[in-house]
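Structure data follow from final_9.cif (mmCIF, C-alpha atoms):
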```
data_entry
loop_
_atom_site.label_atom_id
_atom_site.label_comp_id
_atom_site.auth_asym_id
_atom_site.auth_seq_id
_atom_site.Cartn_x
_atom_site.Cartn_y
_atom_site.Cartn_z
CA MET A 1 -92.81 -48.31 -75.57
CA ASP A 2 -89.52 -48.54 -77.39
CA GLN A 3 -87.63 -51.32 -75.56
CA GLN A 4 -86.78 -54.79 -76.89
CA LEU A 5 -90.01 -56.84 -77.06
CA ILE A 6 -90.17 -60.30 -75.47
CA VAL A 7 -93.05 -62.60 -76.47
CA LEU A 8 -94.36 -64.51 -73.45
CA ASN A 9 -95.05 -68.17 -74.09
CA PRO A 10 -98.86 -68.48 -73.82
CA THR A 11 -98.57 -72.15 -72.83
CA GLY A 12 -96.29 -71.42 -69.84
CA THR A 13 -93.97 -74.30 -70.72
CA ASP A 14 -91.04 -73.06 -68.60
CA ILE A 15 -92.18 -70.19 -66.40
CA GLN A 16 -89.11 -70.11 -64.19
CA ARG A 17 -86.66 -70.06 -67.11
CA GLU A 18 -88.67 -67.31 -68.74
CA SER A 19 -88.78 -65.40 -65.46
CA ALA A 20 -85.01 -65.67 -65.09
CA ASP A 21 -84.57 -64.30 -68.61
CA LEU A 22 -86.89 -61.38 -67.78
CA ARG A 23 -84.98 -60.61 -64.57
CA ALA A 24 -81.71 -60.59 -66.50
CA LEU A 25 -83.08 -57.98 -68.90
CA GLY A 26 -83.98 -55.50 -66.18
CA PRO A 27 -86.54 -54.54 -63.52
CA ALA A 28 -89.29 -53.86 -66.09
CA VAL A 29 -89.27 -55.48 -69.52
CA LEU A 30 -91.65 -54.99 -72.43
CA VAL A 31 -93.48 -58.23 -73.25
CA GLU A 32 -96.10 -59.30 -75.75
CA LEU A 33 -99.16 -61.16 -74.52
CA PRO A 34 -101.61 -63.19 -76.65
CA GLY A 35 -103.22 -61.09 -79.36
CA GLY A 36 -100.17 -58.85 -79.70
CA VAL A 37 -101.03 -56.88 -76.54
CA LYS A 38 -98.00 -55.21 -74.96
CA ALA A 39 -97.25 -54.73 -71.28
CA TRP A 40 -94.36 -54.08 -68.90
CA SER A 41 -93.41 -57.26 -67.03
CA VAL A 42 -92.10 -56.19 -63.61
CA THR A 43 -89.92 -58.77 -61.86
CA ASP A 44 -87.96 -56.49 -59.52
CA PRO A 45 -89.69 -56.94 -56.13
CA GLU A 46 -88.88 -53.46 -54.84
CA LEU A 47 -90.17 -51.81 -58.00
CA LEU A 48 -93.21 -54.08 -58.10
CA MET A 49 -94.18 -53.29 -54.50
CA ARG A 50 -93.80 -49.57 -55.17
CA LEU A 51 -96.02 -49.82 -58.23
CA LEU A 52 -98.64 -51.91 -56.41
CA ILE A 53 -99.19 -49.13 -53.88
CA ASP A 54 -98.67 -46.20 -56.29
CA LYS A 55 -101.85 -44.16 -56.83
CA ARG A 56 -100.65 -43.57 -60.39
CA VAL A 57 -101.26 -47.26 -61.10
CA SER A 58 -104.83 -48.42 -61.78
CA LYS A 59 -106.55 -51.76 -62.37
CA ASP A 60 -109.50 -50.16 -64.19
CA ALA A 61 -108.97 -50.75 -67.91
CA ARG A 62 -112.18 -48.95 -68.83
CA GLN A 63 -110.84 -45.74 -67.34
CA HIS A 64 -107.09 -45.96 -67.78
CA TRP A 65 -106.09 -48.27 -70.65
CA PRO A 66 -106.19 -46.33 -73.93
CA ALA A 67 -105.49 -49.49 -75.96
CA LEU A 68 -108.82 -50.91 -74.78
CA ILE A 69 -110.73 -47.63 -74.80
CA ASN A 70 -109.64 -46.82 -78.37
CA GLY A 71 -110.45 -50.29 -79.70
CA GLU A 72 -106.83 -51.38 -80.28
CA VAL A 73 -107.59 -54.30 -77.96
CA PRO A 74 -110.67 -55.95 -79.49
CA GLN A 75 -113.66 -57.30 -77.58
CA THR A 76 -112.62 -60.73 -78.87
CA TRP A 77 -109.29 -60.63 -77.01
CA SER A 78 -108.78 -63.98 -75.29
CA LEU A 79 -107.86 -62.36 -71.95
CA LEU A 80 -110.64 -59.77 -72.00
CA LEU A 81 -112.39 -61.08 -68.89
CA TRP A 82 -109.21 -60.50 -66.89
CA VAL A 83 -109.47 -56.75 -67.51
CA VAL A 84 -113.17 -55.88 -67.90
CA ALA A 85 -114.95 -57.95 -65.23
CA ASP A 86 -116.84 -55.59 -62.92
CA ASN A 87 -115.46 -56.50 -59.50
CA MET A 88 -112.85 -55.37 -56.98
CA PHE A 89 -110.09 -57.10 -59.02
CA THR A 90 -110.46 -54.50 -61.78
CA ALA A 91 -111.51 -51.53 -59.62
CA TYR A 92 -109.50 -48.42 -58.77
CA GLY A 93 -109.46 -45.94 -55.90
CA ALA A 94 -112.75 -45.27 -54.13
CA ASP A 95 -114.58 -47.80 -56.30
CA HIS A 96 -112.19 -50.55 -55.23
CA LYS A 97 -112.54 -49.55 -51.58
CA ARG A 98 -116.34 -49.71 -51.87
CA LEU A 99 -116.37 -53.14 -53.51
CA ARG A 100 -113.78 -54.64 -51.17
CA LYS A 101 -115.74 -53.38 -48.16
CA LEU A 102 -118.88 -55.11 -49.45
CA VAL A 103 -117.04 -58.40 -50.09
CA ALA A 104 -114.85 -58.44 -46.95
CA PRO A 105 -117.59 -59.78 -44.60
CA ALA A 106 -117.47 -63.06 -46.53
CA PHE A 107 -113.79 -63.48 -45.61
CA THR A 108 -113.67 -62.53 -41.95
CA ASP A 109 -111.28 -64.34 -39.65
CA ARG A 110 -114.28 -65.97 -37.95
CA ARG A 111 -115.70 -67.29 -41.22
CA THR A 112 -112.31 -68.57 -42.34
CA LYS A 113 -111.61 -70.42 -39.08
CA ALA A 114 -115.11 -71.87 -39.17
CA MET A 115 -114.15 -73.63 -42.42
CA ARG A 116 -111.58 -75.81 -40.61
CA PRO A 117 -113.90 -78.77 -39.84
CA LEU A 118 -115.09 -78.79 -43.46
CA ILE A 119 -111.51 -78.77 -44.76
CA ASP A 120 -110.58 -81.58 -42.36
CA ARG A 121 -113.57 -83.64 -43.53
CA ILE A 122 -112.98 -83.11 -47.26
CA THR A 123 -109.28 -83.91 -46.84
CA ALA A 124 -110.00 -87.12 -44.94
CA ASN A 125 -112.57 -88.25 -47.52
CA LEU A 126 -110.14 -87.66 -50.39
CA LEU A 127 -107.38 -89.55 -48.59
CA ASP A 128 -109.75 -92.45 -47.89
CA LYS A 129 -110.46 -92.68 -51.62
CA LEU A 130 -106.77 -92.52 -52.44
CA GLU A 131 -106.09 -95.32 -49.97
CA GLN A 132 -108.19 -97.62 -52.14
CA THR A 133 -105.65 -97.33 -54.98
CA PRO A 134 -104.24 -100.79 -55.77
CA PRO A 135 -100.55 -101.23 -54.76
CA GLY A 136 -98.21 -100.37 -57.60
CA GLU A 137 -100.79 -98.28 -59.44
CA ALA A 138 -99.97 -94.63 -60.08
CA VAL A 139 -102.49 -91.94 -59.18
CA ASP A 140 -102.71 -88.33 -60.39
CA LEU A 141 -102.62 -86.20 -57.24
CA ARG A 142 -103.53 -83.00 -59.04
CA GLU A 143 -106.74 -84.57 -60.28
CA SER A 144 -107.56 -86.62 -57.20
CA PHE A 145 -106.36 -84.36 -54.37
CA ALA A 146 -104.97 -80.91 -55.22
CA TYR A 147 -107.94 -80.09 -57.48
CA PRO A 148 -111.01 -81.47 -55.65
CA LEU A 149 -110.07 -80.14 -52.20
CA PRO A 150 -110.20 -76.39 -52.99
CA ILE A 151 -113.09 -76.69 -55.47
CA GLN A 152 -115.17 -78.45 -52.80
CA VAL A 153 -114.18 -75.85 -50.20
CA ILE A 154 -114.93 -72.87 -52.43
CA SER A 155 -118.19 -74.45 -53.65
CA GLU A 156 -119.28 -74.91 -50.04
CA LEU A 157 -118.22 -71.37 -49.19
CA MET A 158 -120.20 -70.00 -52.13
CA GLY A 159 -123.23 -72.24 -51.64
CA VAL A 160 -122.93 -73.85 -55.09
CA PRO A 161 -125.47 -76.66 -55.66
CA GLU A 162 -124.01 -79.97 -56.82
CA SER A 163 -125.67 -79.63 -60.23
CA LEU A 164 -123.45 -76.66 -61.13
CA ASN A 165 -120.09 -77.94 -59.88
CA SER A 166 -118.82 -79.74 -62.97
CA GLY A 167 -119.67 -76.84 -65.26
CA LEU A 168 -117.93 -74.34 -62.99
CA ARG A 169 -114.82 -76.50 -62.93
CA ALA A 170 -114.58 -76.60 -66.73
CA CYS A 171 -115.08 -72.85 -67.01
CA VAL A 172 -112.44 -72.00 -64.40
CA ASP A 173 -109.96 -74.19 -66.28
CA GLY A 174 -110.78 -72.26 -69.45
CA ILE A 175 -110.29 -68.85 -67.84
CA PHE A 176 -106.73 -69.73 -66.85
CA ASP A 177 -105.88 -71.45 -70.17
CA THR A 178 -104.04 -68.64 -71.98
CA SER A 179 -103.52 -70.79 -75.06
CA LEU A 180 -107.23 -70.61 -75.99
CA GLY A 181 -108.19 -68.69 -79.11
CA PRO A 182 -110.70 -65.79 -79.09
CA GLU A 183 -113.74 -67.90 -80.05
CA GLU A 184 -113.06 -70.64 -77.46
CA SER A 185 -112.34 -68.04 -74.82
CA HIS A 186 -115.53 -66.09 -75.53
CA ALA A 187 -117.66 -69.24 -75.45
CA ASN A 188 -116.12 -70.15 -72.11
CA TYR A 189 -116.88 -66.70 -70.67
CA MET A 190 -120.51 -66.90 -71.78
CA GLU A 191 -120.96 -70.32 -70.22
CA MET A 192 -119.37 -69.12 -66.99
CA TYR A 193 -121.76 -66.17 -66.79
CA ARG A 194 -124.72 -68.47 -67.47
CA ILE A 195 -123.74 -70.80 -64.62
CA LEU A 196 -123.11 -67.94 -62.18
CA GLY A 197 -126.48 -66.45 -63.12
CA GLU A 198 -128.08 -69.79 -62.21
CA LEU A 199 -126.20 -69.78 -58.89
CA VAL A 200 -127.52 -66.30 -58.02
CA LYS A 201 -131.07 -67.31 -58.94
CA PHE A 202 -130.77 -70.47 -56.86
CA ARG A 203 -129.55 -68.57 -53.78
CA ARG A 204 -132.16 -65.83 -54.16
CA ASP A 205 -134.80 -68.57 -54.00
CA LYS A 206 -132.98 -70.58 -51.30
CA PRO A 207 -130.73 -68.28 -49.24
CA GLY A 208 -128.36 -69.92 -46.79
CA ASP A 209 -125.30 -69.25 -44.64
CA ASP A 210 -123.03 -68.97 -47.66
CA MET A 211 -121.08 -66.26 -49.44
CA THR A 212 -123.43 -65.93 -52.40
CA SER A 213 -126.41 -65.36 -50.12
CA LEU A 214 -124.36 -62.91 -48.06
CA LEU A 215 -123.32 -60.90 -51.12
CA ILE A 216 -126.88 -60.82 -52.41
CA SER A 217 -128.24 -59.44 -49.14
CA HIS A 218 -125.35 -57.36 -47.76
CA VAL A 219 -125.87 -53.60 -47.53
CA ASP A 220 -123.13 -51.19 -46.46
CA GLU A 221 -124.13 -49.75 -43.08
CA GLU A 222 -122.59 -46.35 -43.78
CA ASP A 223 -123.88 -45.46 -47.24
CA GLY A 224 -126.53 -48.10 -47.92
CA SER A 225 -124.78 -49.31 -51.06
CA ARG A 226 -124.89 -52.88 -52.30
CA LEU A 227 -123.45 -54.81 -55.22
CA THR A 228 -125.11 -54.27 -58.57
CA GLU A 229 -126.18 -57.40 -60.44
CA GLN A 230 -123.08 -57.24 -62.67
CA GLU A 231 -120.79 -56.61 -59.70
CA LEU A 232 -122.37 -59.55 -57.89
CA ILE A 233 -121.85 -61.96 -60.79
CA ASP A 234 -118.32 -60.72 -61.44
CA THR A 235 -117.41 -60.91 -57.76
CA LEU A 236 -118.50 -64.55 -57.69
CA LEU A 237 -116.42 -65.08 -60.82
CA LEU A 238 -113.40 -63.58 -59.05
CA VAL A 239 -113.84 -65.64 -55.89
CA ILE A 240 -114.27 -68.99 -57.58
CA SER A 241 -111.40 -68.36 -60.01
CA ALA A 242 -108.85 -66.84 -57.65
CA GLY A 243 -109.94 -68.86 -54.62
CA HIS A 244 -109.70 -72.18 -56.41
CA GLU A 245 -106.92 -72.22 -59.01
CA THR A 246 -104.30 -70.64 -56.75
CA THR A 247 -104.84 -73.24 -54.02
CA VAL A 248 -104.74 -76.10 -56.53
CA ASN A 249 -101.34 -74.90 -57.70
CA LEU A 250 -100.12 -74.35 -54.14
CA LEU A 251 -100.93 -77.94 -53.17
CA ASP A 252 -99.60 -79.33 -56.46
CA GLN A 253 -96.29 -77.43 -56.28
CA ALA A 254 -95.76 -78.07 -52.56
CA ILE A 255 -96.21 -81.82 -52.97
CA PHE A 256 -93.94 -81.85 -56.02
CA ALA A 257 -91.26 -79.79 -54.25
CA LEU A 258 -91.21 -82.07 -51.21
CA LEU A 259 -91.07 -85.23 -53.33
CA THR A 260 -88.16 -83.85 -55.35
CA HIS A 261 -86.37 -82.48 -52.27
CA PRO A 262 -86.48 -85.35 -49.76
CA GLU A 263 -84.06 -83.57 -47.43
CA GLN A 264 -86.64 -80.78 -47.07
CA LEU A 265 -89.40 -83.26 -46.32
CA ALA A 266 -87.11 -84.81 -43.71
CA ALA A 267 -86.65 -81.40 -42.09
CA VAL A 268 -90.40 -81.14 -41.62
CA VAL A 269 -90.91 -84.73 -40.47
CA GLU A 270 -88.05 -84.35 -37.96
CA GLY A 271 -89.47 -81.09 -36.62
CA ARG A 272 -86.73 -78.77 -37.92
CA ALA A 273 -89.37 -76.91 -39.92
CA ALA A 274 -93.14 -76.51 -39.65
CA TRP A 275 -95.78 -77.19 -42.27
CA SER A 276 -96.43 -73.45 -42.34
CA ASP A 277 -92.81 -73.10 -43.48
CA VAL A 278 -93.55 -75.51 -46.34
CA VAL A 279 -96.56 -73.45 -47.36
CA GLU A 280 -94.70 -70.13 -47.39
CA GLU A 281 -91.63 -71.50 -49.14
CA SER A 282 -93.82 -73.20 -51.75
CA LEU A 283 -95.65 -69.92 -52.35
CA ARG A 284 -92.29 -68.20 -52.78
CA PHE A 285 -90.59 -70.87 -54.85
CA GLN A 286 -93.47 -71.47 -57.27
CA ALA A 287 -95.93 -68.57 -57.24
CA PRO A 288 -99.38 -70.10 -57.96
CA VAL A 289 -100.04 -67.14 -60.27
CA ALA A 290 -96.90 -66.47 -62.28
CA HIS A 291 -97.99 -63.30 -64.09
CA LEU A 292 -101.13 -61.35 -63.17
CA PRO A 293 -102.81 -59.16 -65.80
CA LEU A 294 -103.10 -56.16 -65.76
CA ARG A 295 -102.51 -52.69 -64.31
CA TYR A 296 -102.23 -49.34 -66.11
CA ALA A 297 -100.20 -46.18 -65.66
CA VAL A 298 -102.59 -43.32 -64.89
CA ASP A 299 -99.73 -40.88 -65.49
CA ASP A 300 -96.09 -41.04 -66.59
CA ILE A 301 -94.13 -42.96 -63.95
CA ASP A 302 -90.40 -42.58 -63.39
CA ILE A 303 -88.84 -44.73 -60.66
CA ASP A 304 -85.06 -44.94 -60.61
CA ASP A 305 -84.11 -45.78 -64.22
CA VAL A 306 -87.53 -47.15 -65.16
CA HIS A 307 -89.94 -45.05 -67.24
CA ILE A 308 -93.51 -46.23 -67.81
CA SER A 309 -95.62 -43.95 -69.98
CA LYS A 310 -99.17 -42.92 -69.18
CA GLY A 311 -101.60 -45.54 -70.47
CA ASP A 312 -99.05 -48.36 -70.62
CA ALA A 313 -100.13 -51.75 -69.30
CA ILE A 314 -98.22 -53.38 -66.43
CA LEU A 315 -97.92 -57.12 -65.73
CA ALA A 316 -97.19 -58.13 -62.13
CA SER A 317 -94.71 -60.97 -62.60
CA TYR A 318 -94.82 -62.64 -59.21
CA ALA A 319 -92.87 -65.75 -60.20
CA GLY A 320 -89.92 -63.61 -61.24
CA ALA A 321 -90.12 -61.28 -58.24
CA ASN A 322 -90.31 -64.11 -55.69
CA ARG A 323 -86.98 -65.53 -56.82
CA HIS A 324 -85.18 -62.24 -57.21
CA PRO A 325 -81.71 -62.06 -55.60
CA LYS A 326 -82.77 -58.74 -54.04
CA LEU A 327 -85.06 -60.73 -51.75
CA HIS A 328 -83.20 -64.01 -51.33
CA GLY A 329 -79.63 -63.60 -52.54
CA ASP A 330 -77.74 -66.46 -54.15
CA THR A 331 -80.19 -69.06 -52.83
CA ALA A 332 -83.27 -67.53 -54.46
CA ASP A 333 -83.61 -70.50 -56.84
CA THR A 334 -83.28 -73.05 -54.02
CA PHE A 335 -86.27 -74.66 -52.30
CA ASP A 336 -85.43 -74.39 -48.61
CA VAL A 337 -88.16 -74.66 -45.98
CA THR A 338 -85.67 -73.62 -43.27
CA ARG A 339 -84.66 -70.29 -44.82
CA ALA A 340 -85.07 -67.42 -42.38
CA SER A 341 -87.01 -65.16 -44.73
CA LYS A 342 -89.62 -66.59 -47.06
CA GLU A 343 -90.87 -63.20 -48.20
CA HIS A 344 -92.99 -63.40 -51.35
CA LEU A 345 -95.62 -61.53 -53.31
CA SER A 346 -97.78 -64.48 -54.30
CA PHE A 347 -100.89 -62.98 -52.71
CA GLY A 348 -100.17 -59.52 -54.07
CA TYR A 349 -99.39 -56.38 -52.10
CA GLY A 350 -101.13 -53.22 -51.00
CA ALA A 351 -104.82 -52.48 -51.46
CA HIS A 352 -105.36 -55.48 -53.75
CA HIS A 353 -103.75 -58.05 -51.41
CA CYS A 354 -105.78 -61.26 -51.72
CA LEU A 355 -108.72 -61.41 -49.30
CA GLY A 356 -108.72 -65.21 -49.52
CA ALA A 357 -105.05 -65.67 -48.54
CA PRO A 358 -105.86 -66.92 -45.00
CA LEU A 359 -108.24 -69.53 -46.42
CA ALA A 360 -105.65 -70.78 -48.94
CA ARG A 361 -103.05 -71.05 -46.18
CA LEU A 362 -105.52 -72.90 -43.96
CA GLU A 363 -106.34 -75.43 -46.68
CA ALA A 364 -102.66 -76.09 -47.35
CA THR A 365 -101.65 -76.42 -43.69
CA VAL A 366 -104.41 -78.99 -43.25
CA ALA A 367 -103.98 -80.93 -46.49
CA LEU A 368 -100.20 -81.22 -46.76
CA PRO A 369 -99.40 -82.83 -43.40
CA ALA A 370 -102.45 -85.07 -43.80
CA ILE A 371 -101.37 -86.57 -47.12
CA PHE A 372 -97.74 -87.07 -46.11
CA GLU A 373 -98.76 -88.65 -42.80
CA ARG A 374 -101.19 -90.99 -44.58
CA PHE A 375 -98.67 -91.90 -47.31
CA PRO A 376 -95.15 -91.42 -45.87
CA ASN A 377 -93.55 -93.46 -48.68
CA MET A 378 -95.20 -91.52 -51.50
CA ARG A 379 -92.97 -90.94 -54.54
CA LEU A 380 -93.25 -89.56 -58.07
CA ALA A 381 -94.28 -92.10 -60.69
CA VAL A 382 -92.32 -90.41 -63.49
CA ASP A 383 -89.11 -88.49 -63.87
CA PRO A 384 -89.72 -84.82 -62.96
CA SER A 385 -88.60 -83.77 -66.44
CA GLU A 386 -91.51 -85.69 -67.95
CA LEU A 387 -94.19 -83.58 -66.27
CA ASN A 388 -96.05 -81.04 -68.38
CA THR A 389 -97.40 -77.71 -67.17
CA VAL A 390 -100.92 -76.35 -67.49
CA ASN A 391 -101.46 -74.27 -70.65
CA SER A 392 -101.06 -70.86 -69.08
CA PHE A 393 -98.55 -68.11 -68.41
CA ILE A 394 -100.84 -67.01 -65.55
CA SER A 395 -101.54 -70.27 -63.72
CA ASN A 396 -98.39 -72.05 -62.52
CA GLY A 397 -99.02 -75.74 -62.01
CA HIS A 398 -98.59 -79.21 -63.50
CA GLU A 399 -100.96 -80.76 -65.98
CA THR A 400 -100.79 -83.97 -63.95
CA LEU A 401 -98.91 -85.08 -60.84
CA PRO A 402 -98.60 -88.88 -61.04
CA VAL A 403 -97.32 -90.59 -57.87
CA TYR A 404 -97.08 -93.99 -56.25
CA LEU A 405 -98.64 -93.75 -52.81
CA THR A 406 -96.65 -96.62 -51.31
CA SER A 407 -93.13 -98.01 -51.70
CA GLU A 408 -94.36 -101.34 -53.09
#
```
As structure tokens, what does this structure read like?
Amino acid sequence: MDQQLIVLNPTGTDIQRESADLRALGPAVLVELPGGVKAWSVTDPELLMRLLIDKRVSKDARQHWPALINGEVPQTWSLLLWVVADNMFTAYGADHKRLRKLVAPAFTDRRTKAMRPLIDRITANLLDKLEQTPPGEAVDLRESFAYPLPIQVISELMGVPESLNSGLRACVDGIFDTSLGPEESHANYMEMYRILGELVKFRRDKPGDDMTSLLISHVDEEDGSRLTEQELIDTLLLVISAGHETTVNLLDQAIFALLTHPEQLAAVVEGRAAWSDVVEESLRFQAPVAHLPLRYAVDDIDIDDVHISKGDAILASYAGANRHPKLHGDTADTFDVTRASKEHLSFGYGAHHCLGAPLARLEATVALPAIFERFPNMRLAVDPSELNTVNSFISNGHETLPVYLTSE
């Protein structure tokens, strides 16, 4: 690694500006992550897609990342859980295929569609609560709508008892907070594992028609394999983290984009665009996960003018790729729900494409029209420039989203 080194802002203050700077420097740029860890940030969508399906690229740090294997990356690294959790997110080759096959039954089309009545009910309940807001009083939609909807959905999907919900929420927030130091990060991981252990124990004692119970009991029909205890815990960790935070950011960013682009909202209200168009354009315009750690070169990789050495870490920079002129020309930085192509990589690509993508899309296509129909005069309560982002270069959302629900 001998290219100019760019230090990523761990607090994610201006992800799109940083992404534009990375794109300007080339298709793959050397960046420094928290703890001095180096990786290639890939913002060129063509290159990124090629790497995501290249068998010379692994997600298994324990096999293919010398910096971790040799101890250069310490066990106290604040992002360690992103690379060493024992689930399909960090698996490679046959191991990934095995784990994904065991998890896939929890995300069938039938199971996803069956969640619709629950999503409708949760959405309606949240809107009823919002309707009680006194006229003229601002309300934080991230806290009161974008956040509770997916956490309630994923908790129901996983069979999480009410007693564990608040603890899980705090831990998920900590996992995505890339500004945490090593000690805070480690304490958060330990608490998360404790809570998930309690969830598994609870569902072993009281199995139900939920994903946790399914994962505990599921046996592969062909080879008789099942998840080990560590794989089970880490798979639950993956589902609640990825299945929750990404949807929170999708709802948050979609609402913000429509409120700051009234002509786009008008296009939807007038029927010139569908709510599914809003969802896809929001996913493109503001990738819920801006940068996803990490992948590793199993061998030297040379693609066009890009050289990535064996053992180098690779950062999938979806926020940068989604707005690349290669995909969307001169209008790549414009939020336009009517654009013909809304191609994006927000749910990944290839073998690791997100299993929960249909559920996230379902939640958004239910929640977004519901809130704008209930509160058609909704508007931001502050100037857009006053909004802060969550402390993360991974998670791409606002710290708060204050709005007035009525025009009064």
Notebook entry, point to check: When the PyMOL selection byres ((chain A and resi 66-74) around 10) is applied to the file above, which residues end up in the set, as a ChimeraX atom specification?
Noted result: /A:35-38,61-65,75-78,80,83-84,182,296,310-313
Margin query: Please list as a list in words every residue within 9 Å of region 240-242 of chain A, counting all atoms listed in the file and excluding residues in the same chain fewer than 6 positions away.
Written below: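 After dropping sequence-adjacent residues, the list is Ile151, Ile154, Ser155, Met158, Leu168, Val172, Asp173, Ile175, Phe176, Cys354 and Gly356 of chain A.
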Note to self: Show me the residues around (-124.3, -58.7, -57.9) - criterion: an atom at most 10 Å away, only C-alpha atoms counted - as a ChimeraX atom specification.
What the structure shows: /A:86-87,197,200,212,215-217,226-236
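With CA of Gln286 (chain A) on one side and CA of Ala360 (chain A) on the other, the separation reads 14.8 Å.
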Mind giving me the axis-aligned box for region 158-165 of chain A with 3 Å on every side, centre plus edges in Å to one decimal, as JSON?
```
{"center_x": -122.9, "center_y": -75.0, "center_z": -56.4, "size_x": 11.6, "size_y": 16.0, "size_z": 15.5}
```
Which residues, written as a PDB file with C-alpha atoms, in the coordinates of the input, have at least one atom at most 10 Å from Arg100 (chain A), with all atoms listed in the file counted and residues fewer than 6 positions away on the same chain left out?
```
ATOM      1  CA  ASN A  87    -115.460 -56.500 -59.500  1.00  0.00           C
ATOM      2  CA  MET A  88    -112.850 -55.370 -56.980  1.00  0.00           C
ATOM      3  CA  PHE A  89    -110.090 -57.100 -59.020  1.00  0.00           C
ATOM      4  CA  ALA A  91    -111.510 -51.530 -59.620  1.00  0.00           C
ATOM      5  CA  ALA A  94    -112.750 -45.270 -54.130  1.00  0.00           C
ATOM      6  CA  THR A 235    -117.410 -60.910 -57.760  1.00  0.00           C
ATOM      7  CA  ALA A 351    -104.820 -52.480 -51.460  1.00  0.00           C
ATOM      8  CA  HIS A 352    -105.360 -55.480 -53.750  1.00  0.00           C
ATOM      9  CA  LEU A 355    -108.720 -61.410 -49.300  1.00  0.00           C
TER      10      LEU A 355
END
```
Notebook entry, point to check: When distances are computed from all atoms listed in the file, which of A:Phe347, A:Phe335, A:Phe256, A:Phe285 shows the smallest separation from Val403 (chain A)?
Noted result: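 Comparing A:Phe347, A:Phe335, A:Phe256, A:Phe285 against Val403 (chain A), the winner is A:Phe256.
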Next item on the list: Could you check which of A:Val160, A:Val269, A:Leu51, A:Ala319 is closest to Leu283 (chain A), using all atoms listed in the file?
Entry: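 Using all atoms listed in the file, Leu283 (chain A) sits closest to A:Ala319.
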Notebook entry, point to check: Looking at A:Ala170, A:Ala357, A:Leu401, A:Val278, which one is nearest to Asp109 (chain A), with distances taken over only C-alpha atoms?
Noted result: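 Ranking A:Ala170, A:Ala357, A:Leu401, A:Val278 by distance to Asp109 (chain A), first place goes to A:Ala357.
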Next item on the list: Return the single residue from A:Glu280, A:Glu131, A:Asp210, A:Glu270 that is closest to Leu405 (chain A), with distances computed using all atoms listed in the file.
Entry: A:Glu131
Check: Quick one, how far is CA of Arg374 (chain A) from CA of Pro288 (chain A)?
Finding: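 Distance between the two atoms: 24.9 Å.
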Checklist line | Test item: residues at most 9 Å from Thr334 (chain A), only C-alpha atoms, excluding those fewer than 2 positions along its chain, as a VMD selection string | finding: chain A and resid 285 323 330 to 332 336
Take the residues that were just selected and, keeping C-alpha atoms, output them as an mmCIF file, keeping the file's coordinate frame.
```
data_model
loop_
_atom_site.group_PDB
_atom_site.id
_atom_site.type_symbol
_atom_site.label_atom_id
_atom_site.label_comp_id
_atom_site.auth_asym_id
_atom_site.auth_seq_id
_atom_site.Cartn_x
_atom_site.Cartn_y
_atom_site.Cartn_z
ATOM 1 C CA PHE A 285 -90.590 -70.870 -54.850
ATOM 2 C CA ARG A 323 -86.980 -65.530 -56.820
ATOM 3 C CA ASP A 330 -77.740 -66.460 -54.150
ATOM 4 C CA THR A 331 -80.190 -69.060 -52.830
ATOM 5 C CA ALA A 332 -83.270 -67.530 -54.460
ATOM 6 C CA ASP A 336 -85.430 -74.390 -48.610
#
```
Check: Any chance you could work out the residue set of the PyMOL selection byres ((chain A and resi 140) around 12) here, as number ranges by chain?
Finding: A: 130, 133, 137-139, 141-148, 252, 255-256, 379-382, 387, 398-405
Checklist line | Between CA of Lys201 (chain A) and CA of Glu184 (chain A), distance in Å (one decimal) | finding: 26.0 Å
Counting only C-alpha atoms, give me one row per residue of region 27-57 of chain A with an atom at most 10 Å from an atom of region 340-345 of chain A, showing the shortest contact pair and its distance in Å to one decimal, sorted by chain then residue number, as a Markdown table.
```
| residue | atom | partner | partner_atom | distance |
| --- | --- | --- | --- | --- |
| A:Pro45 | CA | A:Leu345 | CA | 8.0 |
| A:Leu48 | CA | A:Leu345 | CA | 9.2 |
| A:Met49 | CA | A:Leu345 | CA | 8.4 |
```
Output region 100-106 of chain A with N, CA and C atoms present, as a short mmCIF file (atom, residue, chain, number, x, y, z; two decimals), in the coordinates of the input.
```
data_model
loop_
_atom_site.label_atom_id
_atom_site.label_comp_id
_atom_site.auth_asym_id
_atom_site.auth_seq_id
_atom_site.Cartn_x
_atom_site.Cartn_y
_atom_site.Cartn_z
N ARG A 100 -114.49 -53.77 -52.12
CA ARG A 100 -113.78 -54.64 -51.17
C ARG A 100 -114.50 -54.64 -49.81
N LYS A 101 -115.02 -53.48 -49.43
CA LYS A 101 -115.74 -53.38 -48.16
C LYS A 101 -117.00 -54.23 -48.17
N LEU A 102 -117.66 -54.31 -49.34
CA LEU A 102 -118.88 -55.11 -49.45
C LEU A 102 -118.57 -56.61 -49.45
N VAL A 103 -117.40 -56.98 -49.98
CA VAL A 103 -117.04 -58.40 -50.09
C VAL A 103 -116.37 -58.91 -48.82
N ALA A 104 -115.66 -58.04 -48.10
CA ALA A 104 -114.85 -58.44 -46.95
C ALA A 104 -115.60 -59.26 -45.90
N PRO A 105 -116.90 -58.98 -45.61
CA PRO A 105 -117.59 -59.78 -44.60
C PRO A 105 -117.63 -61.28 -44.89
N ALA A 106 -117.47 -61.64 -46.17
CA ALA A 106 -117.47 -63.06 -46.53
C ALA A 106 -116.15 -63.73 -46.19
#
```
